[in-house]
$ cat target_13.pdb   # PDB, C-alpha atoms
MODEL        1
ATOM      1  CA  MET A 222     145.792  86.865  90.665  1.00  0.00           C
ATOM      2  CA  THR A 223     142.529  84.967  90.031  1.00  0.00           C
ATOM      3  CA  GLU A 224     139.359  86.346  91.601  1.00  0.00           C
ATOM      4  CA  THR A 225     137.209  83.880  93.514  1.00  0.00           C
ATOM      5  CA  ALA A 226     133.686  83.572  92.148  1.00  0.00           C
ATOM      6  CA  PRO A 227     130.955  84.630  94.619  1.00  0.00           C
ATOM      7  CA  VAL A 228     129.435  81.731  96.541  1.00  0.00           C
ATOM      8  CA  LEU A 229     125.762  81.487  97.500  1.00  0.00           C
ATOM      9  CA  GLU A 230     125.170  82.446 101.119  1.00  0.00           C
ATOM     10  CA  ALA A 231     124.442  79.498 103.414  1.00  0.00           C
ATOM     11  CA  GLU A 232     120.771  79.206 104.274  1.00  0.00           C
ATOM     12  CA  PRO A 233     120.158  81.103 107.537  1.00  0.00           C
ATOM     13  CA  ALA A 234     118.264  79.385 110.345  1.00  0.00           C
ATOM     14  CA  ALA A 235     115.588  82.094 110.058  1.00  0.00           C
ATOM     15  CA  ALA A 236     114.495  80.622 106.700  1.00  0.00           C
ATOM     16  CA  ALA A 237     112.838  77.670 108.433  1.00  0.00           C
ATOM     17  CA  THR A 238     111.136  80.055 110.874  1.00  0.00           C
ATOM     18  CA  LEU A 239     109.736  82.303 108.146  1.00  0.00           C
ATOM     19  CA  PHE A 240     108.759  79.659 105.583  1.00  0.00           C
ATOM     20  CA  GLY A 241     107.830  76.725 107.831  1.00  0.00           C
ATOM     21  CA  ASP A 242     106.828  73.706 105.785  1.00  0.00           C
ATOM     22  CA  ARG A 243     107.347  75.757 102.599  1.00  0.00           C
ATOM     23  CA  VAL A 244     111.083  76.144 103.141  1.00  0.00           C
ATOM     24  CA  ASP A 245     111.913  73.510 100.497  1.00  0.00           C
ATOM     25  CA  VAL A 246     110.091  75.605  97.886  1.00  0.00           C
ATOM     26  CA  ALA A 247     111.896  78.748  99.047  1.00  0.00           C
ATOM     27  CA  ARG A 248     115.198  76.880  98.848  1.00  0.00           C
ATOM     28  CA  SER A 249     114.472  75.740  95.292  1.00  0.00           C
ATOM     29  CA  PHE A 250     113.620  79.294  94.213  1.00  0.00           C
ATOM     30  CA  THR A 251     116.733  80.736  95.874  1.00  0.00           C
ATOM     31  CA  ASN A 252     119.002  78.176  94.246  1.00  0.00           C
ATOM     32  CA  GLU A 253     117.530  78.842  90.808  1.00  0.00           C
ATOM     33  CA  LEU A 254     117.812  82.611  91.286  1.00  0.00           C
ATOM     34  CA  ALA A 255     121.434  82.111  92.315  1.00  0.00           C
ATOM     35  CA  ARG A 256     122.062  79.961  89.246  1.00  0.00           C
ATOM     36  CA  ARG A 257     120.405  82.153  86.620  1.00  0.00           C
ATOM     37  CA  GLY A 258     119.881  85.558  88.228  1.00  0.00           C
ATOM     38  CA  GLU A 259     122.971  87.327  86.964  1.00  0.00           C
ATOM     39  CA  GLU A 260     122.666  85.854  83.470  1.00  0.00           C
ATOM     40  CA  LEU A 261     119.084  87.146  83.208  1.00  0.00           C
ATOM     41  CA  GLY A 262     119.903  90.528  84.717  1.00  0.00           C
ATOM     42  CA  LEU A 263     117.763  89.877  87.802  1.00  0.00           C
ATOM     43  CA  ILE A 264     120.468  90.322  90.434  1.00  0.00           C
ATOM     44  CA  GLY A 265     123.936  91.822  90.443  1.00  0.00           C
ATOM     45  CA  PRO A 266     127.134  89.759  90.342  1.00  0.00           C
ATOM     46  CA  LEU A 267     127.918  90.477  93.997  1.00  0.00           C
ATOM     47  CA  GLU A 268     124.559  89.452  95.456  1.00  0.00           C
ATOM     48  CA  LEU A 269     125.136  85.696  95.947  1.00  0.00           C
ATOM     49  CA  PRO A 270     126.911  86.008  99.345  1.00  0.00           C
ATOM     50  CA  ARG A 271     123.869  87.888 100.704  1.00  0.00           C
ATOM     51  CA  LEU A 272     121.052  86.500  98.575  1.00  0.00           C
ATOM     52  CA  TRP A 273     119.188  84.834 101.430  1.00  0.00           C
ATOM     53  CA  THR A 274     119.651  87.629 103.950  1.00  0.00           C
ATOM     54  CA  ARG A 275     119.218  90.717 101.813  1.00  0.00           C
ATOM     55  CA  HIS A 276     116.657  89.500  99.301  1.00  0.00           C
ATOM     56  CA  ILE A 277     114.773  86.306 100.215  1.00  0.00           C
ATOM     57  CA  LEU A 278     114.282  86.791 103.956  1.00  0.00           C
ATOM     58  CA  ASN A 279     114.029  90.543 103.471  1.00  0.00           C
ATOM     59  CA  SER A 280     110.918  89.824 101.376  1.00  0.00           C
ATOM     60  CA  ALA A 281     109.555  86.949 103.458  1.00  0.00           C
ATOM     61  CA  VAL A 282     109.090  89.062 106.593  1.00  0.00           C
ATOM     62  CA  LEU A 283     106.182  90.791 104.810  1.00  0.00           C
ATOM     63  CA  ALA A 284     104.170  87.562 104.689  1.00  0.00           C
ATOM     64  CA  PRO A 285     102.355  88.013 108.040  1.00  0.00           C
ATOM     65  CA  LEU A 286     101.039  91.410 106.866  1.00  0.00           C
ATOM     66  CA  LEU A 287      99.019  89.855 104.051  1.00  0.00           C
ATOM     67  CA  GLU A 288      95.301  89.324 104.554  1.00  0.00           C
ATOM     68  CA  ALA A 289      94.168  85.716 104.851  1.00  0.00           C
ATOM     69  CA  ARG A 290      92.898  84.508 101.474  1.00  0.00           C
ATOM     70  CA  GLY A 291      93.482  88.004 100.127  1.00  0.00           C
ATOM     71  CA  ARG A 292      94.370  89.342  96.693  1.00  0.00           C
ATOM     72  CA  VAL A 293      97.713  91.107  96.401  1.00  0.00           C
ATOM     73  CA  ALA A 294      99.384  92.878  93.485  1.00  0.00           C
ATOM     74  CA  ASP A 295     103.178  93.147  93.432  1.00  0.00           C
ATOM     75  CA  VAL A 296     104.249  96.086  91.280  1.00  0.00           C
ATOM     76  CA  GLY A 297     107.547  95.833  89.411  1.00  0.00           C
ATOM     77  CA  SER A 298     108.107  92.219  90.451  1.00  0.00           C
ATOM     78  CA  GLY A 299     111.443  91.839  88.648  1.00  0.00           C
ATOM     79  CA  ALA A 300     113.165  88.760  90.052  1.00  0.00           C
ATOM     80  CA  GLY A 301     110.098  87.885  92.130  1.00  0.00           C
ATOM     81  CA  LEU A 302     111.054  89.970  95.142  1.00  0.00           C
ATOM     82  CA  PRO A 303     108.841  90.121  97.058  1.00  0.00           C
ATOM     83  CA  GLY A 304     106.088  88.648  94.829  1.00  0.00           C
ATOM     84  CA  LEU A 305     107.239  85.061  94.312  1.00  0.00           C
ATOM     85  CA  VAL A 306     108.670  84.869  97.823  1.00  0.00           C
ATOM     86  CA  LEU A 307     105.306  85.902  99.279  1.00  0.00           C
ATOM     87  CA  ALA A 308     103.477  83.436  97.041  1.00  0.00           C
ATOM     88  CA  ILE A 309     105.705  80.702  98.439  1.00  0.00           C
ATOM     89  CA  ALA A 310     105.255  81.766 102.067  1.00  0.00           C
ATOM     90  CA  ARG A 311     101.496  82.408 101.795  1.00  0.00           C
ATOM     91  CA  PRO A 312      99.812  79.835  99.515  1.00  0.00           C
ATOM     92  CA  ASP A 313      96.418  81.069 100.763  1.00  0.00           C
ATOM     93  CA  VAL A 314      96.970  84.483  99.146  1.00  0.00           C
ATOM     94  CA  HIS A 315      96.688  85.160  95.412  1.00  0.00           C
ATOM     95  CA  LEU A 316      99.548  87.234  94.007  1.00  0.00           C
ATOM     96  CA  THR A 317      99.296  89.173  90.746  1.00  0.00           C
ATOM     97  CA  LEU A 318     102.821  90.022  89.615  1.00  0.00           C
ATOM     98  CA  ILE A 319     102.927  93.159  87.469  1.00  0.00           C
ATOM     99  CA  GLU A 320     106.130  93.548  85.434  1.00  0.00           C
ATOM    100  CA  PRO A 321     106.679  95.356  82.099  1.00  0.00           C
ATOM    101  CA  MET A 322     109.937  93.711  80.940  1.00  0.00           C
ATOM    102  CA  GLU A 323     109.484  90.604  78.793  1.00  0.00           C
ATOM    103  CA  ARG A 324     112.603  88.808  80.030  1.00  0.00           C
ATOM    104  CA  ARG A 325     111.505  89.212  83.643  1.00  0.00           C
ATOM    105  CA  VAL A 326     107.939  88.181  82.825  1.00  0.00           C
ATOM    106  CA  ASP A 327     109.287  84.991  81.266  1.00  0.00           C
ATOM    107  CA  TRP A 328     111.315  84.292  84.416  1.00  0.00           C
ATOM    108  CA  LEU A 329     108.363  84.929  86.749  1.00  0.00           C
ATOM    109  CA  THR A 330     106.066  82.745  84.664  1.00  0.00           C
ATOM    110  CA  SER A 331     108.527  79.871  84.386  1.00  0.00           C
ATOM    111  CA  GLU A 332     109.365  79.933  88.093  1.00  0.00           C
ATOM    112  CA  ALA A 333     105.707  80.021  89.148  1.00  0.00           C
ATOM    113  CA  GLU A 334     105.104  76.970  86.964  1.00  0.00           C
ATOM    114  CA  ARG A 335     108.280  75.143  88.022  1.00  0.00           C
ATOM    115  CA  LEU A 336     107.524  75.680  91.708  1.00  0.00           C
ATOM    116  CA  GLY A 337     103.853  74.735  91.344  1.00  0.00           C
ATOM    117  CA  LEU A 338     102.587  78.105  92.551  1.00  0.00           C
ATOM    118  CA  ASP A 339      98.955  78.049  91.472  1.00  0.00           C
ATOM    119  CA  ASN A 340      98.327  81.228  93.484  1.00  0.00           C
ATOM    120  CA  VAL A 341     100.292  83.395  91.019  1.00  0.00           C
ATOM    121  CA  THR A 342      99.190  85.361  87.953  1.00  0.00           C
ATOM    122  CA  VAL A 343     101.847  87.184  85.930  1.00  0.00           C
ATOM    123  CA  VAL A 344     100.825  90.288  83.984  1.00  0.00           C
ATOM    124  CA  ARG A 345     103.128  92.007  81.529  1.00  0.00           C
ATOM    125  CA  ALA A 346     102.253  95.673  81.966  1.00  0.00           C
ATOM    126  CA  ARG A 347     103.025  98.858  83.812  1.00  0.00           C
ATOM    127  CA  ALA A 348     100.905  99.468  86.893  1.00  0.00           C
ATOM    128  CA  GLU A 349      99.273 102.552  85.407  1.00  0.00           C
ATOM    129  CA  ASP A 350      98.061 100.562  82.395  1.00  0.00           C
ATOM    130  CA  VAL A 351      96.110  97.958  84.387  1.00  0.00           C
ATOM    131  CA  ALA A 352      94.442 100.146  87.002  1.00  0.00           C
ATOM    132  CA  ASP A 353      91.038  99.641  85.341  1.00  0.00           C
ATOM    133  CA  ASP A 354      91.440  95.866  85.209  1.00  0.00           C
ATOM    134  CA  ILE A 355      92.968  94.920  88.566  1.00  0.00           C
ATOM    135  CA  VAL A 356      91.485  95.588  92.001  1.00  0.00           C
ATOM    136  CA  VAL A 357      93.184  93.998  95.001  1.00  0.00           C
ATOM    137  CA  ASP A 358      93.182  94.095  98.787  1.00  0.00           C
ATOM    138  CA  GLN A 359      96.842  95.044  99.102  1.00  0.00           C
ATOM    139  CA  VAL A 360      99.744  96.191  96.940  1.00  0.00           C
ATOM    140  CA  THR A 361     103.414  95.478  97.532  1.00  0.00           C
ATOM    141  CA  ALA A 362     106.494  96.878  95.813  1.00  0.00           C
ATOM    142  CA  ARG A 363     110.238  96.726  96.405  1.00  0.00           C
ATOM    143  CA  ALA A 364     112.899  99.087  95.061  1.00  0.00           C
ATOM    144  CA  VAL A 365     110.581 100.556  92.415  1.00  0.00           C
ATOM    145  CA  SER A 366     110.686 104.321  92.995  1.00  0.00           C
ATOM    146  CA  ALA A 367     110.297 107.063  95.601  1.00  0.00           C
ATOM    147  CA  LEU A 368     106.976 107.228  97.469  1.00  0.00           C
ATOM    148  CA  SER A 369     106.007 110.475  95.733  1.00  0.00           C
ATOM    149  CA  LYS A 370     105.939 108.558  92.423  1.00  0.00           C
ATOM    150  CA  LEU A 371     105.013 105.102  93.718  1.00  0.00           C
ATOM    151  CA  ILE A 372     101.875 106.084  95.635  1.00  0.00           C
ATOM    152  CA  PRO A 373     100.024 107.459  92.552  1.00  0.00           C
ATOM    153  CA  LEU A 374     100.945 104.263  90.653  1.00  0.00           C
ATOM    154  CA  THR A 375      99.723 101.857  93.314  1.00  0.00           C
ATOM    155  CA  VAL A 376      96.645 103.498  94.868  1.00  0.00           C
ATOM    156  CA  PRO A 377      94.407 102.926  91.788  1.00  0.00           C
ATOM    157  CA  LEU A 378      94.957  99.158  92.104  1.00  0.00           C
ATOM    158  CA  VAL A 379      93.636  98.936  95.671  1.00  0.00           C
ATOM    159  CA  ARG A 380      90.026  98.624  96.800  1.00  0.00           C
ATOM    160  CA  SER A 381      88.639 101.123  99.296  1.00  0.00           C
ATOM    161  CA  GLY A 382      89.860 100.054 102.717  1.00  0.00           C
ATOM    162  CA  GLY A 383      92.789  98.125 101.236  1.00  0.00           C
ATOM    163  CA  GLN A 384      96.450  98.750 101.949  1.00  0.00           C
ATOM    164  CA  LEU A 385      99.744  99.778 100.447  1.00  0.00           C
ATOM    165  CA  ILE A 386     102.657  97.724 101.821  1.00  0.00           C
ATOM    166  CA  LEU A 387     105.722  99.258 100.215  1.00  0.00           C
ATOM    167  CA  MET A 388     109.243  98.109 101.074  1.00  0.00           C
ATOM    168  CA  LYS A 389     111.602 100.990 101.722  1.00  0.00           C
ATOM    169  CA  GLY A 390     115.120 101.753 102.880  1.00  0.00           C
ATOM    170  CA  ALA A 391     116.598 103.658 105.804  1.00  0.00           C
ATOM    171  CA  ARG A 392     115.460 107.025 104.393  1.00  0.00           C
ATOM    172  CA  VAL A 393     111.758 106.168 104.372  1.00  0.00           C
ATOM    173  CA  ASP A 394     110.879 109.024 106.758  1.00  0.00           C
ATOM    174  CA  GLU A 395     112.516 111.484 104.380  1.00  0.00           C
ATOM    175  CA  GLU A 396     110.512 109.983 101.502  1.00  0.00           C
ATOM    176  CA  ILE A 397     107.285 110.349 103.473  1.00  0.00           C
ATOM    177  CA  GLU A 398     108.035 114.003 104.125  1.00  0.00           C
ATOM    178  CA  LYS A 399     108.610 114.634 100.414  1.00  0.00           C
ATOM    179  CA  ALA A 400     105.379 112.761  99.585  1.00  0.00           C
ATOM    180  CA  ARG A 401     103.150 114.644 102.075  1.00  0.00           C
ATOM    181  CA  LYS A 402     101.094 116.369  99.377  1.00  0.00           C
ATOM    182  CA  VAL A 403     100.591 113.106  97.470  1.00  0.00           C
ATOM    183  CA  ILE A 404      99.566 111.300 100.673  1.00  0.00           C
ATOM    184  CA  LEU A 405      96.944 113.977 101.357  1.00  0.00           C
ATOM    185  CA  ARG A 406      95.744 114.118  97.763  1.00  0.00           C
ATOM    186  CA  LYS A 407      95.335 110.343  97.596  1.00  0.00           C
ATOM    187  CA  ARG A 408      93.590 110.405 101.001  1.00  0.00           C
ATOM    188  CA  LEU A 409      95.771 107.771 102.595  1.00  0.00           C
ATOM    189  CA  ALA A 410      95.003 106.976 106.231  1.00  0.00           C
ATOM    190  CA  ASP A 411      96.803 105.169 109.063  1.00  0.00           C
ATOM    191  CA  VAL A 412     100.201 105.992 107.566  1.00  0.00           C
ATOM    192  CA  GLU A 413     102.984 104.211 109.442  1.00  0.00           C
ATOM    193  CA  VAL A 414     106.482 102.803 109.098  1.00  0.00           C
ATOM    194  CA  LEU A 415     107.013  99.243 110.294  1.00  0.00           C
ATOM    195  CA  GLU A 416     110.343  97.567 111.010  1.00  0.00           C
ATOM    196  CA  LEU A 417     109.938  93.876 110.279  1.00  0.00           C
ATOM    197  CA  GLY A 418     112.086  90.920 111.237  1.00  0.00           C
ATOM    198  CA  VAL A 419     113.502  92.334 114.466  1.00  0.00           C
ATOM    199  CA  GLY A 420     115.077  89.493 116.409  1.00  0.00           C
ATOM    200  CA  VAL A 421     114.497  87.078 113.518  1.00  0.00           C
ATOM    201  CA  VAL A 422     116.677  88.229 110.630  1.00  0.00           C
ATOM    202  CA  GLU A 423     120.049  89.921 110.468  1.00  0.00           C
ATOM    203  CA  GLU A 424     118.851  92.790 108.279  1.00  0.00           C
ATOM    204  CA  THR A 425     115.415  94.130 109.210  1.00  0.00           C
ATOM    205  CA  THR A 426     112.967  95.427 106.608  1.00  0.00           C
ATOM    206  CA  ARG A 427     111.299  98.832 106.678  1.00  0.00           C
ATOM    207  CA  VAL A 428     107.817  99.071 105.244  1.00  0.00           C
ATOM    208  CA  PHE A 429     105.573 102.019 104.471  1.00  0.00           C
ATOM    209  CA  ARG A 430     101.997 100.949 105.221  1.00  0.00           C
ATOM    210  CA  ALA A 431      98.860 102.981 104.638  1.00  0.00           C
ATOM    211  CA  THR A 432      95.138 102.441 104.131  1.00  0.00           C
ATOM    212  CA  VAL A 433      93.475 103.551 100.887  1.00  0.00           C
ATOM    213  CA  ASP A 434      90.233 105.475 101.359  1.00  0.00           C
TER     214      ASP A 434
ENDMDL
END

$ encode --input "target_13.pdb" --output "structure tokens"
Amino acid sequence: MTETAPVLEAEPAAAATLFGDRVDVARSFTNELARRGEELGLIGPLELPRLWTRHILNSAVLAPLLEARGRVADVGSGAGLPGLVLAIARPDVHLTLIEPMERRVDWLTSEAERLGLDNVTVVRARAEDVADDIVVDQVTARAVSALSKLIPLTVPLVRSGGQLILMKGARVDEEIEKARKVILRKRLADVEVLELGVGVVEETTRVFRATVD
């Protein structure tokens, strides 16, 4: 019996809502990620039927949280989720994509150039190695590590009064509880969990947001 190859998910109507006049760029990125993502080790072989819903739109709902004309660092950008997606949705914001793996850096660089994203800088490094060189208004991250480890990596990149906007799963409250000491030690304020995309996308996105003192 021959297995049917996974087919790219049809573009949901919410894509036009979230990307507006940038939806063509988002579509081009999604198609290229679908075409080359598995080959480059960026996405798993079973992700195509949910690529829009679980990855592209899941990242795009963060866009309204970004400061107008702000500077944002995306830690562990990987396939460009959420970094490239946010750069597409918010051309007024400058995104610095921090990624240590050469193959992924090459992908991020080539896609930023192919899509004409002049608001993107790609840096091959680990977050802890560029803390003295990069200072931004906000930091994003998706599927990098638990909050207890991620907070110490991301706080040094953010200016005083800036924000962490970290994408998390259903167990975010449990992660916060385990990271209580780190949150206090790093003097984070206004700690909250946001559920984004309610009524807009099929799968909502949970975000840990906090202000850096």

$ residues_around --input "target_13.pdb" --residues "Ser298 in chain A" --least-positions-apart "5" --cutoff "9 Å" --atoms "all atoms listed in the file" --output "PyMOL selection string"
chain A and resi 303-305+318-320+325-326+329+362-363+365

$ resolve_selection --input "target_13.pdb" --expression "the PyMOL selection byres ((chain A and resi 313) around 9)" --output "ChimeraX atom specification"
/A:289-291,308,310-312,314-315,340

$ atom_distance --input "target_13.pdb" --atom1 "CA of Thr361 in chain A" --atom2 "CA of Gln384 in chain A"
8.9 Å

$ resolve_selection --input "target_13.pdb" --expression "the PyMOL selection byres ((chain A and resi 235-238) around 10)" --output "list in words"
Glu232, Pro233, Ala234, Leu239, Phe240, Gly241, Asp242, Arg243, Val244, Asp245, Ala247, Arg248, Trp273, Thr274, Ile277, Leu278, Ala281, Gly418, Gly420, Val421, Val422 and Glu423 of chain A

$ write_last_selection --input "target_13.pdb" --atoms "C-alpha atoms" --output "PDB file, in the coordinates of the input"
ATOM      1  CA  GLU A 232     120.771  79.206 104.274  1.00  0.00           C
ATOM      2  CA  PRO A 233     120.158  81.103 107.537  1.00  0.00           C
ATOM      3  CA  ALA A 234     118.264  79.385 110.345  1.00  0.00           C
ATOM      4  CA  LEU A 239     109.736  82.303 108.146  1.00  0.00           C
ATOM      5  CA  PHE A 240     108.759  79.659 105.583  1.00  0.00           C
ATOM      6  CA  GLY A 241     107.830  76.725 107.831  1.00  0.00           C
ATOM      7  CA  ASP A 242     106.828  73.706 105.785  1.00  0.00           C
ATOM      8  CA  ARG A 243     107.347  75.757 102.599  1.00  0.00           C
ATOM      9  CA  VAL A 244     111.083  76.144 103.141  1.00  0.00           C
ATOM     10  CA  ASP A 245     111.913  73.510 100.497  1.00  0.00           C
ATOM     11  CA  ALA A 247     111.896  78.748  99.047  1.00  0.00           C
ATOM     12  CA  ARG A 248     115.198  76.880  98.848  1.00  0.00           C
ATOM     13  CA  TRP A 273     119.188  84.834 101.430  1.00  0.00           C
ATOM     14  CA  THR A 274     119.651  87.629 103.950  1.00  0.00           C
ATOM     15  CA  ILE A 277     114.773  86.306 100.215  1.00  0.00           C
ATOM     16  CA  LEU A 278     114.282  86.791 103.956  1.00  0.00           C
ATOM     17  CA  ALA A 281     109.555  86.949 103.458  1.00  0.00           C
ATOM     18  CA  GLY A 418     112.086  90.920 111.237  1.00  0.00           C
ATOM     19  CA  GLY A 420     115.077  89.493 116.409  1.00  0.00           C
ATOM     20  CA  VAL A 421     114.497  87.078 113.518  1.00  0.00           C
ATOM     21  CA  VAL A 422     116.677  88.229 110.630  1.00  0.00           C
ATOM     22  CA  GLU A 423     120.049  89.921 110.468  1.00  0.00           C
TER      23      GLU A 423
END

$ resolve_selection --input "target_13.pdb" --expression "the PyMOL selection byres ((chain A and resi 229) around 8)" --output "count of residues only"
9

$ axis_aligned_box --input "target_13.pdb" --around "range 339-357 of chain A" --padding-each-side "6 Å" --output "lines of an AutoDock Vina configuration file"
center_x = 97.1
center_y = 90.3
center_z = 88.3
size_x = 24.1
size_y = 36.5
size_z = 25.5

$ atom_distance --input "target_13.pdb" --atom1 "CA of Asp358 in chain A" --atom2 "CA of Gly383 in chain A"
4.7 Å

$ atom_distance --input "target_13.pdb" --atom1 "CA of Ile386 in chain A" --atom2 "CA of Thr432 in chain A"
9.2 Å

$ closest_residue --input "target_13.pdb" --among "A:Arg257, A:Arg408, A:Arg275, A:Lys402" --to "Gly382 in chain A" --atoms "all atoms listed in the file"
A:Arg408

$ closest_residue --input "target_13.pdb" --among "A:Ala300, A:Val403, A:Val293, A:Leu338" --to "Lys370 in chain A" --atoms "all atoms listed in the file"
A:Val403

$ closest_residue --input "target_13.pdb" --among "A:Val341, A:Gln359, A:Val296, A:Leu254" --to "Leu374 in chain A" --atoms "all atoms listed in the file"
A:Val296

$ build_atoms --input "target_13.pdb" --residues "range 397-405 of chain A" --atoms "all heavy atoms" --output "compact mmCIF listing (two decimals), keeping the file's coordinate frame"
# COMPACT_ATOMS: atom_id res chain seq x y z
N ILE A 397 108.64 110.01 103.04
CA ILE A 397 107.28 110.35 103.47
C ILE A 397 107.11 111.86 103.51
O ILE A 397 106.09 112.39 103.07
CB ILE A 397 106.99 109.72 104.85
CG1 ILE A 397 106.87 108.20 104.73
CG2 ILE A 397 105.70 110.31 105.44
CD1 ILE A 397 106.73 107.48 106.05
N GLU A 398 108.11 112.55 104.04
CA GLU A 398 108.04 114.00 104.12
C GLU A 398 107.91 114.63 102.74
O GLU A 398 107.10 115.53 102.51
CB GLU A 398 109.29 114.54 104.84
CG GLU A 398 109.18 115.98 105.28
CD GLU A 398 107.98 116.24 106.20
OE1 GLU A 398 107.69 115.41 107.08
OE2 GLU A 398 107.33 117.28 106.00
N LYS A 399 108.67 114.11 101.78
CA LYS A 399 108.61 114.63 100.41
C LYS A 399 107.30 114.27 99.72
O LYS A 399 106.92 114.91 98.73
CB LYS A 399 109.79 114.10 99.60
CG LYS A 399 111.13 114.67 100.04
CD LYS A 399 112.27 114.12 99.19
CE LYS A 399 113.60 114.74 99.60
NZ LYS A 399 114.74 114.20 98.82
N ALA A 400 106.62 113.23 100.22
CA ALA A 400 105.38 112.76 99.58
C ALA A 400 104.13 113.25 100.32
O ALA A 400 103.03 112.78 100.04
CB ALA A 400 105.37 111.24 99.53
N ARG A 401 104.28 114.20 101.26
CA ARG A 401 103.15 114.64 102.08
C ARG A 401 101.95 115.08 101.23
O ARG A 401 100.80 114.71 101.52
CB ARG A 401 103.57 115.80 102.98
CG ARG A 401 104.41 115.39 104.17
CD ARG A 401 103.60 114.59 105.17
NE ARG A 401 104.43 114.10 106.26
CZ ARG A 401 104.06 113.17 107.12
NH1 ARG A 401 102.85 112.62 107.00
NH2 ARG A 401 104.84 112.76 108.08
N LYS A 402 102.20 115.87 100.20
CA LYS A 402 101.09 116.37 99.38
C LYS A 402 100.39 115.23 98.66
O LYS A 402 99.16 115.21 98.53
CB LYS A 402 101.61 117.40 98.37
CG LYS A 402 102.04 118.71 99.00
CD LYS A 402 102.49 119.71 97.95
CE LYS A 402 102.92 121.02 98.60
NZ LYS A 402 103.40 122.01 97.58
N VAL A 403 101.16 114.26 98.17
CA VAL A 403 100.59 113.11 97.47
C VAL A 403 99.77 112.26 98.44
O VAL A 403 98.67 111.80 98.11
CB VAL A 403 101.71 112.25 96.84
CG1 VAL A 403 101.13 110.97 96.25
CG2 VAL A 403 102.44 113.03 95.78
N ILE A 404 100.28 112.07 99.66
CA ILE A 404 99.57 111.30 100.67
C ILE A 404 98.22 111.94 100.99
O ILE A 404 97.19 111.25 101.11
CB ILE A 404 100.43 111.17 101.94
CG1 ILE A 404 101.62 110.24 101.66
CG2 ILE A 404 99.61 110.64 103.12
CD1 ILE A 404 102.67 110.21 102.76
N LEU A 405 98.20 113.27 101.10
CA LEU A 405 96.94 113.98 101.36
C LEU A 405 96.01 113.91 100.16
O LEU A 405 94.80 113.67 100.31
CB LEU A 405 97.25 115.44 101.71
CG LEU A 405 97.87 115.70 103.08
CD1 LEU A 405 98.30 117.15 103.19
CD2 LEU A 405 96.90 115.35 104.19
